[in-house]
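input.tsv follows (TSV, C-alpha atoms):
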chain	number	residue	atom	x	y	z
G	201	MET	CA	0.00	0.00	0.00
G	202	SER	CA	1.21	3.51	-0.76
G	203	ARG	CA	2.25	5.88	1.99
G	204	THR	CA	-0.39	8.22	3.39
G	205	LEU	CA	-0.24	11.97	3.89
G	206	VAL	CA	-2.65	13.99	6.01
G	207	ALA	CA	-2.60	17.63	4.92
G	208	VAL	CA	-4.23	20.31	7.07
G	209	ASP	CA	-5.05	23.94	6.38
G	210	GLY	CA	-6.29	25.32	9.69
G	211	GLY	CA	-7.55	28.87	9.22
G	212	ASN	CA	-9.36	31.17	11.61
G	213	SER	CA	-12.78	30.48	10.11
G	214	LYS	CA	-12.50	26.87	8.89
G	215	THR	CA	-10.18	23.86	8.92
G	216	ASP	CA	-9.70	21.60	5.91
G	217	VAL	CA	-8.17	18.13	6.24
G	218	ALA	CA	-7.21	16.06	3.19
G	219	VAL	CA	-5.89	12.50	3.13
G	220	VAL	CA	-3.67	11.95	0.11
G	221	SER	CA	-1.56	9.05	-1.12
G	222	ASP	CA	2.10	9.59	-1.92
G	223	GLY	CA	1.02	9.40	-5.55
G	224	GLY	CA	-1.11	12.53	-5.11
G	225	GLU	CA	-4.50	10.77	-5.09
G	226	LEU	CA	-7.09	12.49	-2.90
G	227	LEU	CA	-8.50	9.70	-0.72
G	228	ALA	CA	-10.79	11.63	1.62
G	229	ALA	CA	-11.41	15.10	3.02
G	230	VAL	CA	-13.41	16.82	5.74
G	231	ARG	CA	-14.00	20.41	6.81
G	232	GLY	CA	-14.50	21.65	10.35
G	233	PRO	CA	-14.47	24.80	12.48
G	234	GLY	CA	-11.63	27.29	12.55
G	235	PHE	CA	-8.42	26.45	14.37
G	236	GLN	CA	-8.17	29.06	17.16
G	237	PRO	CA	-5.84	27.99	19.99
G	238	GLN	CA	-5.63	31.54	21.32
G	239	ALA	CA	-9.41	31.72	21.74
G	240	HIS	CA	-10.20	28.13	22.74
G	241	GLY	CA	-6.94	26.97	24.30
G	242	VAL	CA	-4.33	24.70	22.77
G	243	ASP	CA	-5.79	21.49	24.22
G	244	ASP	CA	-9.31	22.11	22.89
G	245	ALA	CA	-8.04	23.29	19.51
G	246	VAL	CA	-5.81	20.23	19.14
G	247	ALA	CA	-8.66	17.96	20.24
G	248	MET	CA	-10.94	19.44	17.58
G	249	LEU	CA	-8.26	19.03	14.91
G	250	SER	CA	-7.48	15.47	16.02
G	251	GLY	CA	-11.14	14.57	15.64
G	252	LEU	CA	-11.17	15.92	12.09
G	253	ILE	CA	-8.01	14.01	11.20
G	254	THR	CA	-9.31	10.76	12.69
G	255	ASP	CA	-12.55	11.16	10.74
G	256	ALA	CA	-10.74	11.88	7.47
G	257	VAL	CA	-8.35	8.93	7.86
G	258	ALA	CA	-11.28	6.61	8.62
G	259	ARG	CA	-13.08	7.83	5.49
G	260	ALA	CA	-9.93	7.04	3.51
G	261	GLY	CA	-9.80	3.54	4.95
G	262	ARG	CA	-6.22	3.96	6.10
G	263	GLY	CA	-4.46	3.36	9.40
G	264	THR	CA	-1.83	5.59	10.95
G	265	ALA	CA	-0.62	8.15	8.42
G	266	ASP	CA	3.04	8.32	7.44
G	267	GLN	CA	3.12	12.14	7.44
G	268	LEU	CA	0.95	14.83	8.98
G	269	ALA	CA	1.58	18.27	7.47
G	270	ALA	CA	-0.46	20.84	9.40
G	271	PHE	CA	-0.35	24.51	8.46
G	272	LEU	CA	-2.24	26.40	11.12
G	273	ALA	CA	-3.43	29.85	12.06
G	274	GLY	CA	-2.28	30.54	15.59
G	275	ALA	CA	1.14	29.01	14.93
G	276	ASP	CA	2.67	32.46	14.66
G	277	PHE	CA	6.03	31.88	16.36
G	278	PRO	CA	8.54	29.01	16.27
G	279	GLU	CA	7.77	28.11	19.88
G	280	GLU	CA	4.04	27.89	19.04
G	281	GLU	CA	4.76	25.69	16.03
G	282	GLU	CA	6.89	23.42	18.23
G	283	ARG	CA	4.25	23.22	20.96
G	284	LEU	CA	1.49	22.33	18.49
G	285	GLU	CA	3.75	19.84	16.73
G	286	LYS	CA	4.45	18.04	20.00
G	287	ALA	CA	0.77	18.07	20.98
G	288	LEU	CA	-0.28	16.51	17.67
G	289	ALA	CA	2.57	14.01	17.70
G	290	ALA	CA	1.53	12.88	21.19
G	291	ARG	CA	-1.85	11.80	19.82
G	292	GLY	CA	-0.28	9.26	17.48
G	293	LEU	CA	-2.03	10.59	14.39
G	294	ALA	CA	0.98	10.04	12.12
G	295	ARG	CA	4.49	8.65	12.23
G	296	ARG	CA	5.92	12.10	11.49
G	297	VAL	CA	4.38	15.50	12.18
G	298	ARG	CA	5.24	18.91	10.75
G	299	VAL	CA	3.49	22.12	11.89
G	300	ALA	CA	3.93	25.61	10.47
G	301	ASN	CA	1.86	28.76	9.99
G	302	ASP	CA	-0.95	28.59	7.43
G	303	THR	CA	0.58	31.33	5.28
G	304	PHE	CA	3.22	28.79	4.15
G	305	ALA	CA	0.41	26.71	2.65
G	306	LEU	CA	-1.04	29.74	0.86
G	307	LEU	CA	2.35	30.60	-0.62
G	308	ARG	CA	2.87	27.03	-1.86
G	309	THR	CA	-0.65	27.02	-3.33
G	310	GLY	CA	-0.24	30.12	-5.48
G	311	SER	CA	3.47	30.55	-6.13
G	312	THR	CA	4.95	29.21	-9.34
G	313	MET	CA	8.52	29.56	-8.04
G	314	GLY	CA	8.21	28.13	-4.52
G	315	TRP	CA	9.11	31.46	-2.92
G	316	GLY	CA	7.70	34.98	-2.74
G	317	VAL	CA	5.18	36.70	-0.50
G	318	ALA	CA	1.81	35.40	0.70
G	319	ILE	CA	-0.86	37.63	2.21
G	320	VAL	CA	-4.00	36.13	3.67
G	321	CYS	CA	-7.02	38.30	4.47
G	322	GLY	CA	-9.99	36.35	5.70
G	323	ALA	CA	-11.24	36.36	9.27
G	324	GLY	CA	-7.76	37.68	10.16
G	325	ILE	CA	-4.81	39.08	8.27
G	326	ASN	CA	-1.23	37.84	8.00
G	327	CYS	CA	1.78	37.92	5.70
G	328	LEU	CA	4.79	35.72	5.01
G	329	GLY	CA	7.78	36.27	2.78
G	330	VAL	CA	10.22	33.58	1.67
G	331	GLY	CA	13.24	34.51	-0.41
G	332	PRO	CA	14.90	32.36	-3.07
G	333	ASP	CA	17.74	31.89	-0.59
G	334	GLY	CA	15.35	30.52	2.06
G	335	ARG	CA	15.27	33.62	4.27
G	336	THR	CA	11.86	34.46	5.73
G	337	ALA	CA	10.05	37.64	6.67
G	338	ARG	CA	7.18	37.21	9.11
G	339	PHE	CA	4.84	39.34	11.23
G	340	PRO	CA	3.43	38.54	14.69
G	341	SER	CA	-0.17	38.85	13.45
G	342	LEU	CA	-1.66	39.11	16.93
G	343	GLY	CA	-4.04	41.95	16.10
G	344	ARG	CA	-3.85	45.59	17.05
G	345	ILE	CA	-1.37	44.87	19.85
G	346	THR	CA	1.21	44.04	17.18
G	347	GLY	CA	0.14	46.62	14.62
G	348	ASP	CA	-2.17	44.39	12.58
G	349	TRP	CA	-5.48	45.50	11.07
G	350	GLY	CA	-7.64	44.37	8.21
G	351	GLY	CA	-9.20	40.92	8.68
G	352	GLY	CA	-12.93	40.37	8.54
G	353	ALA	CA	-13.31	40.98	12.28
G	354	ASP	CA	-11.57	44.35	11.96
G	355	LEU	CA	-13.55	45.32	8.87
G	356	GLY	CA	-16.87	44.45	10.50
G	357	ALA	CA	-16.03	46.41	13.64
G	358	GLU	CA	-14.94	49.37	11.53
G	359	ALA	CA	-18.16	49.29	9.52
G	360	LEU	CA	-20.24	49.24	12.71
G	361	TRP	CA	-18.17	52.07	14.25
G	362	HIS	CA	-18.78	54.35	11.28
G	363	ALA	CA	-22.42	53.27	10.99
G	364	VAL	CA	-23.18	54.28	14.59
G	365	ARG	CA	-21.29	57.56	14.39
G	366	GLY	CA	-23.05	58.45	11.16
G	367	GLU	CA	-26.35	57.75	12.86
G	368	ASP	CA	-25.82	59.81	16.01
G	369	GLY	CA	-24.04	62.75	14.36
G	370	ARG	CA	-20.48	62.23	15.60
G	371	GLY	CA	-19.35	61.26	12.12
G	372	PRO	CA	-20.34	61.87	8.51
G	373	GLN	CA	-23.58	60.38	7.27
G	374	THR	CA	-23.02	57.07	5.52
G	375	ALA	CA	-25.06	54.39	3.81
G	376	LEU	CA	-23.39	51.95	6.19
G	377	THR	CA	-25.84	53.04	8.89
G	378	ALA	CA	-28.87	51.54	7.17
G	379	ALA	CA	-26.92	48.65	5.63
G	380	VAL	CA	-25.43	47.47	8.93
G	381	ALA	CA	-28.77	47.67	10.74
G	382	ALA	CA	-30.57	45.81	7.94
G	383	HIS	CA	-27.94	43.07	7.87
G	384	PHE	CA	-28.88	42.14	11.45
G	385	GLY	CA	-32.61	42.76	10.96
G	386	LEU	CA	-32.61	45.79	13.27
G	387	SER	CA	-33.88	49.33	12.83
G	388	ARG	CA	-30.79	51.19	14.07
G	389	ALA	CA	-27.07	50.68	13.80
G	390	GLU	CA	-26.78	51.50	17.50
G	391	ASP	CA	-28.98	48.49	18.24
G	392	VAL	CA	-26.34	46.29	16.64
G	393	GLY	CA	-23.73	47.64	19.04
G	394	LEU	CA	-26.06	47.15	21.96
G	395	GLY	CA	-26.78	43.61	20.79
G	396	VAL	CA	-23.07	42.81	20.84
G	397	HIS	CA	-22.74	44.38	24.29
G	398	ARG	CA	-25.64	42.33	25.68
G	399	GLY	CA	-24.48	39.10	24.09
G	400	ASP	CA	-27.45	38.83	21.72
G	401	ILE	CA	-25.07	39.17	18.74
G	402	PRO	CA	-21.82	37.16	19.04
G	403	PRO	CA	-18.85	39.43	18.30
G	404	GLY	CA	-17.68	36.95	15.70
G	405	ARG	CA	-20.75	37.74	13.59
G	406	LEU	CA	-19.39	41.22	12.90
G	407	ALA	CA	-17.08	39.63	10.33
G	408	THR	CA	-20.18	38.88	8.24
G	409	LEU	CA	-20.41	42.63	7.62
G	410	THR	CA	-17.42	42.49	5.23
G	411	PRO	CA	-19.51	41.87	2.08
G	412	VAL	CA	-21.95	44.57	3.24
G	413	LEU	CA	-19.05	46.99	3.61
G	414	LEU	CA	-17.68	46.21	0.16
G	415	ASP	CA	-21.15	46.39	-1.44
G	416	THR	CA	-21.62	49.83	0.10
G	417	ALA	CA	-18.19	50.93	-1.06
G	418	GLU	CA	-18.86	49.78	-4.61
G	419	ALA	CA	-22.13	51.72	-4.55
G	420	GLY	CA	-20.03	54.87	-4.04
G	421	ASP	CA	-20.41	55.60	-0.33
G	422	PRO	CA	-17.32	57.68	0.57
G	423	VAL	CA	-17.03	56.36	4.14
G	424	ALA	CA	-17.15	52.72	3.03
G	425	ARG	CA	-14.74	53.46	0.19
G	426	GLY	CA	-12.36	54.99	2.72
G	427	ILE	CA	-12.32	51.74	4.71
G	428	ALA	CA	-11.70	49.71	1.54
G	429	GLU	CA	-8.85	52.03	0.61
G	430	ARG	CA	-7.33	51.64	4.06
G	431	LEU	CA	-7.44	47.85	3.64
G	432	ALA	CA	-5.77	48.13	0.22
G	433	GLU	CA	-3.05	50.22	1.85
G	434	GLU	CA	-2.49	47.53	4.50
G	435	ILE	CA	-2.28	44.79	1.87
G	436	MET	CA	0.30	46.85	0.02
G	437	LEU	CA	2.31	47.70	3.15
G	438	LEU	CA	2.51	44.07	4.24
G	439	GLY	CA	3.74	42.88	0.87
G	440	VAL	CA	6.14	45.75	0.23
G	441	THR	CA	7.64	45.44	3.71
G	442	ALA	CA	8.20	41.70	3.28
G	443	LEU	CA	9.76	42.24	-0.16
G	444	ARG	CA	12.05	44.95	1.23
G	445	ARG	CA	13.19	42.75	4.12
G	446	LEU	CA	14.13	40.05	1.62
G	447	ASP	CA	15.85	42.49	-0.78
G	448	LEU	CA	13.28	41.67	-3.48
G	449	LEU	CA	11.81	45.09	-4.23
G	450	GLY	CA	14.07	45.58	-7.23
G	451	SER	CA	13.54	42.21	-8.89
G	452	PRO	CA	10.60	40.10	-10.10
G	453	ALA	CA	8.74	38.36	-7.29
G	454	GLU	CA	5.29	36.92	-6.76
G	455	VAL	CA	2.79	38.16	-4.19
G	456	VAL	CA	0.10	35.55	-3.55
G	457	LEU	CA	-3.21	36.85	-2.22
G	458	GLY	CA	-5.60	34.55	-0.38
G	459	GLY	CA	-8.39	34.44	2.16
G	460	GLY	CA	-12.06	35.12	1.51
G	461	VAL	CA	-11.77	38.91	1.44
G	462	LEU	CA	-9.17	38.84	-1.35
G	463	THR	CA	-10.33	35.80	-3.32
G	464	SER	CA	-13.73	37.47	-3.73
G	465	ARG	CA	-11.90	39.81	-6.16
G	466	ARG	CA	-14.02	42.84	-5.32
G	467	PRO	CA	-13.08	45.61	-7.79
G	468	VAL	CA	-13.30	48.36	-5.17
G	469	LEU	CA	-10.50	46.60	-3.32
G	470	MET	CA	-8.47	44.82	-5.99
G	471	ASP	CA	-8.16	47.78	-8.35
G	472	THR	CA	-6.73	49.88	-5.55
G	473	ILE	CA	-4.35	47.13	-4.44
G	474	GLU	CA	-3.03	46.77	-7.99
G	475	TRP	CA	-2.24	50.44	-8.51
G	476	ARG	CA	-0.66	50.76	-5.07
G	477	TYR	CA	1.68	47.86	-5.88
G	478	SER	CA	2.45	49.32	-9.29
G	479	ALA	CA	3.60	52.49	-7.53
G	480	ARG	CA	5.58	50.92	-4.67
G	481	ALA	CA	6.65	47.50	-5.99
G	482	PRO	CA	6.47	47.61	-9.80
G	483	TRP	CA	8.35	44.32	-10.19
G	484	ALA	CA	5.83	42.41	-8.08
G	485	ARG	CA	3.40	40.06	-9.79
G	486	LEU	CA	0.08	39.73	-7.95
G	487	ILE	CA	-1.52	36.27	-7.95
G	488	VAL	CA	-4.94	35.54	-6.44
G	489	ALA	CA	-4.88	31.93	-5.23
G	490	ASP	CA	-7.87	30.17	-6.80
G	491	SER	CA	-7.07	26.73	-5.37
G	492	PRO	CA	-7.79	26.06	-1.68
G	493	PRO	CA	-4.80	26.48	0.68
G	494	VAL	CA	-5.11	22.80	1.64
G	495	LEU	CA	-3.55	22.16	-1.78
G	496	GLY	CA	-0.47	24.04	-0.57
G	497	ALA	CA	-0.45	21.93	2.59
G	498	THR	CA	-0.66	18.84	0.39
G	499	LEU	CA	2.23	19.94	-1.84
G	500	LEU	CA	4.38	20.73	1.19
G	501	GLY	CA	3.50	17.34	2.66
G	502	LEU	CA	4.50	15.64	-0.59
G	503	ASP	CA	7.82	17.49	-0.30
G	504	LEU	CA	8.31	15.86	3.10
G	505	LEU	CA	7.57	12.43	1.59
G	506	ASN	CA	9.97	13.02	-1.33
G	507	ALA	CA	7.09	12.18	-3.63
G	508	PRO	CA	7.57	11.77	-7.39
G	509	LEU	CA	6.79	14.63	-9.78
G	510	ALA	CA	3.64	12.93	-10.99
G	511	ALA	CA	2.21	13.11	-7.47
G	512	TYR	CA	2.25	16.90	-7.55
G	513	GLU	CA	0.43	16.94	-10.88
G	514	ALA	CA	-2.19	14.54	-9.54
G	515	ALA	CA	-2.69	16.61	-6.38
G	516	ARG	CA	-3.13	19.83	-8.36
G	517	ALA	CA	-5.67	18.11	-10.58
G	518	ALA	CA	-7.59	16.84	-7.53
G	519	PHE	CA	-8.06	20.38	-6.21
G	520	SER	CA	-8.50	22.13	-9.57
G	521	THR	CA	-12.29	21.79	-9.65
G	522	PRO	CA	-14.66	23.46	-7.16
G	523	TRP	CA	-13.94	21.68	-3.91
G	524	GLN	CA	-16.44	21.22	-1.09
G	525	PRO	CA	-15.49	18.54	1.46
G	526	PRO	CA	-18.02	17.12	3.91
G	527	ILE	CA	-18.53	19.40	6.92
G	528	ARG	CA	-18.00	17.94	10.37
G	529	SER	CA	-19.15	19.97	13.37
Could you quickly redo this structure as structure tokens?
Amino acid sequence: MSRTLVAVDGGNSKTDVAVVSDGGELLAAVRGPGFQPQAHGVDDAVAMLSGLITDAVARAGRGTADQLAAFLAGADFPEEEERLEKALAARGLARRVRVANDTFALLRTGSTMGWGVAIVCGAGINCLGVGPDGRTARFPSLGRITGDWGGGADLGAEALWHAVRGEDGRGPQTALTAAVAAHFGLSRAEDVGLGVHRGDIPPGRLATLTPVLLDTAEAGDPVARGIAERLAEEIMLLGVTALRRLDLLGSPAEVVLGGGVLTSRRPVLMDTIEWRYSARAPWARLIVADSPPVLGATLLGLDLLNAPLAAYEAARAAFSTPWQPPIRS
């Protein structure tokens, strides 16, 4: 029997697990909740992930996997990667375990050269740069306490902030006021804030305002457009900073964009990102990753197995069509 790889892309909003043979054949896959050790604790997060892996391996009809390659949000520092690696290894899920941040999987998914910059903007925001010489450029990505802004949670909170201020007169009037209230089925934007305060609206639901924000921006609302422009600036600053740290600003390099906010390809955002890069990093080539990041985790796992070239082609083909694994709660 061929060797078995378990590839994991554990993002903030969802976790994808794929079981793949060393020939690149997709044997089984499942999707579960986001991997959030900072919010739920390492033990609970690892337990959730272990359950997904066990389910996926059982669906594949395989025993203990030869390699587990897990690329996880929340593994932001080497010591966190090591701790998670040990915790997963202790559960006996695979003979060998490798853990790294999920941005590595995004980079491997979209890059044609195996190096460059990856920026993910989904529920959160993060950036990774890898040079052709193997050097890396990383950011803490712990939120505002480490200078980060721009994931779905930030965008939703920003939309609500402006909506309420436009409603009560502290800020300029904006179409966000009515749009935010309507999104939650309420009559006032302030009621949304009160709902979060009282616990009627989970704070995590604010991230669902991101499409509302971008719709309002594309309709021409200046306040919403200002938020979209700020996000485009952040996407540019992350990439340009990583390129500069790796001495790549003056030479061709790829910048892979991923996460739901960026893969939606909203013109109000993408057009601004493109012209900002053309001004600050004209040699950069922007790539929106169409394949799921679990493909990148699979390719990196095949690297660890020293798989043949044909395995990579088979894996890419397996994830080239719209991919929707079974959802496990």
Would you write out, as JSON lines, a table of all residues in range 210-230 of chain G that have an atom no more than 10 Å from an atom of range 257-264 of chain G, listing for each the closest atom pair and the distance in Å to one decimal, considering all atoms listed in the file and ordering rows by chain and rising residue number?
{"residue": "G:Val217", "atom": "CA", "partner": "G:Val257", "partner_atom": "CA", "distance": 9.3}
{"residue": "G:Ala218", "atom": "CA", "partner": "G:Val257", "partner_atom": "CA", "distance": 8.6}
{"residue": "G:Val219", "atom": "CA", "partner": "G:Val257", "partner_atom": "CA", "distance": 6.4}
{"residue": "G:Val220", "atom": "CA", "partner": "G:Ala260", "partner_atom": "CA", "distance": 8.7}
{"residue": "G:Ser221", "atom": "CA", "partner": "G:Ala260", "partner_atom": "CA", "distance": 9.8}
{"residue": "G:Leu226", "atom": "CA", "partner": "G:Ala260", "partner_atom": "CA", "distance": 8.9}
{"residue": "G:Leu227", "atom": "CA", "partner": "G:Ala260", "partner_atom": "CA", "distance": 5.2}
{"residue": "G:Ala228", "atom": "CA", "partner": "G:Ala260", "partner_atom": "CA", "distance": 5.0}
{"residue": "G:Ala229", "atom": "CA", "partner": "G:Arg259", "partner_atom": "CA", "distance": 7.9}
{"residue": "G:Val230", "atom": "CA", "partner": "G:Arg259", "partner_atom": "CA", "distance": 9.0}
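With CA of Ala507 in chain G on one side and CA of Arg203 in chain G on the other, the separation reads 9.7 Å.
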**Message:** For Leu249 in chain G, find every residue with an atom within 12 Å (counting all atoms listed in the file), except residues of its own chain fewer than 6 positions away, and show them as a ChimeraX atom specification.
**Reply:** /G:206-211,214-217,230-237,242-243,255-256,268,270-272,284,287-288,291,293,528-529
Export, as a compact mmCIF listing (two decimals), keeping the file's coordinate frame, the selected residues with C-alpha atoms.
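Once written, out_37.txt looks like this:
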# COMPACT_ATOMS: atom_id res chain seq x y z
CA VAL G 206 -2.65 13.99 6.01
CA ALA G 207 -2.60 17.63 4.92
CA VAL G 208 -4.23 20.31 7.07
CA ASP G 209 -5.05 23.94 6.38
CA GLY G 210 -6.29 25.32 9.69
CA GLY G 211 -7.55 28.87 9.22
CA LYS G 214 -12.50 26.87 8.89
CA THR G 215 -10.18 23.86 8.92
CA ASP G 216 -9.70 21.60 5.91
CA VAL G 217 -8.17 18.13 6.24
CA VAL G 230 -13.41 16.82 5.74
CA ARG G 231 -14.00 20.41 6.81
CA GLY G 232 -14.50 21.65 10.35
CA PRO G 233 -14.47 24.80 12.48
CA GLY G 234 -11.63 27.29 12.55
CA PHE G 235 -8.42 26.45 14.37
CA GLN G 236 -8.17 29.06 17.16
CA PRO G 237 -5.84 27.99 19.99
CA VAL G 242 -4.33 24.70 22.77
CA ASP G 243 -5.79 21.49 24.22
CA ASP G 255 -12.55 11.16 10.74
CA ALA G 256 -10.74 11.88 7.47
CA LEU G 268 0.95 14.83 8.98
CA ALA G 270 -0.46 20.84 9.40
CA PHE G 271 -0.35 24.51 8.46
CA LEU G 272 -2.24 26.40 11.12
CA LEU G 284 1.49 22.33 18.49
CA ALA G 287 0.77 18.07 20.98
CA LEU G 288 -0.28 16.51 17.67
CA ARG G 291 -1.85 11.80 19.82
CA LEU G 293 -2.03 10.59 14.39
CA ARG G 528 -18.00 17.94 10.37
CA SER G 529 -19.15 19.97 13.37
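With all atoms listed in the file as the atoms that count, the minimum distance from Ala289 in chain G to the choices G:Ala265, G:Ala419, G:Val320, G:Ala497 is reached by G:Ala265.
For the residues G:Ala375, G:Val364, G:Ala407, G:Leu205, ranking by smallest atom-to-atom distance to Asp391 in chain G using only C-alpha atoms places G:Val364 first.
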Q.
With all atoms listed in the file as the counted atoms, please give the residues lying no more than 9 Å from range 437-453 of chain G, apart from itself and same-chain residues fewer than 4 positions off, as a PyMOL selection string.
A. chain G and resi 313+315-319+326-331+335-339+432-433+477+480-486
>> I'd like the neighbourhood of Ala353 in chain G as a ChimeraX atom specification, where a residue qualifies if any of its atoms comes within 9 Å (using all atoms listed in the file), though same-chain residues fewer than 3 positions away should be ignored.
In response: /G:322-324,350,356-358,403-410
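For the pair CA of Arg295 in chain G and CA of Asp266 in chain G, the separation is 5.0 Å.
Of the listed residues (G:Ala417, G:Ile527, G:Ile325, G:Ala389), G:Ala389 comes nearest to Asp368 in chain G; the distances count all atoms listed in the file.
Distance-wise, CA of Ile401 in chain G and CA of Ala359 in chain G end up 15.3 Å apart.
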Counting all atoms listed in the file, closest pick from G:Arg370, G:Arg388, G:His362, G:His240 relative to Leu413 in chain G is G:His362
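The shortest atom-to-atom distance to Val380 in chain G, with all atoms listed in the file taken into account, belongs to G:Ala424 out of G:Ala424, G:Leu431, G:Val455, G:Ala269.
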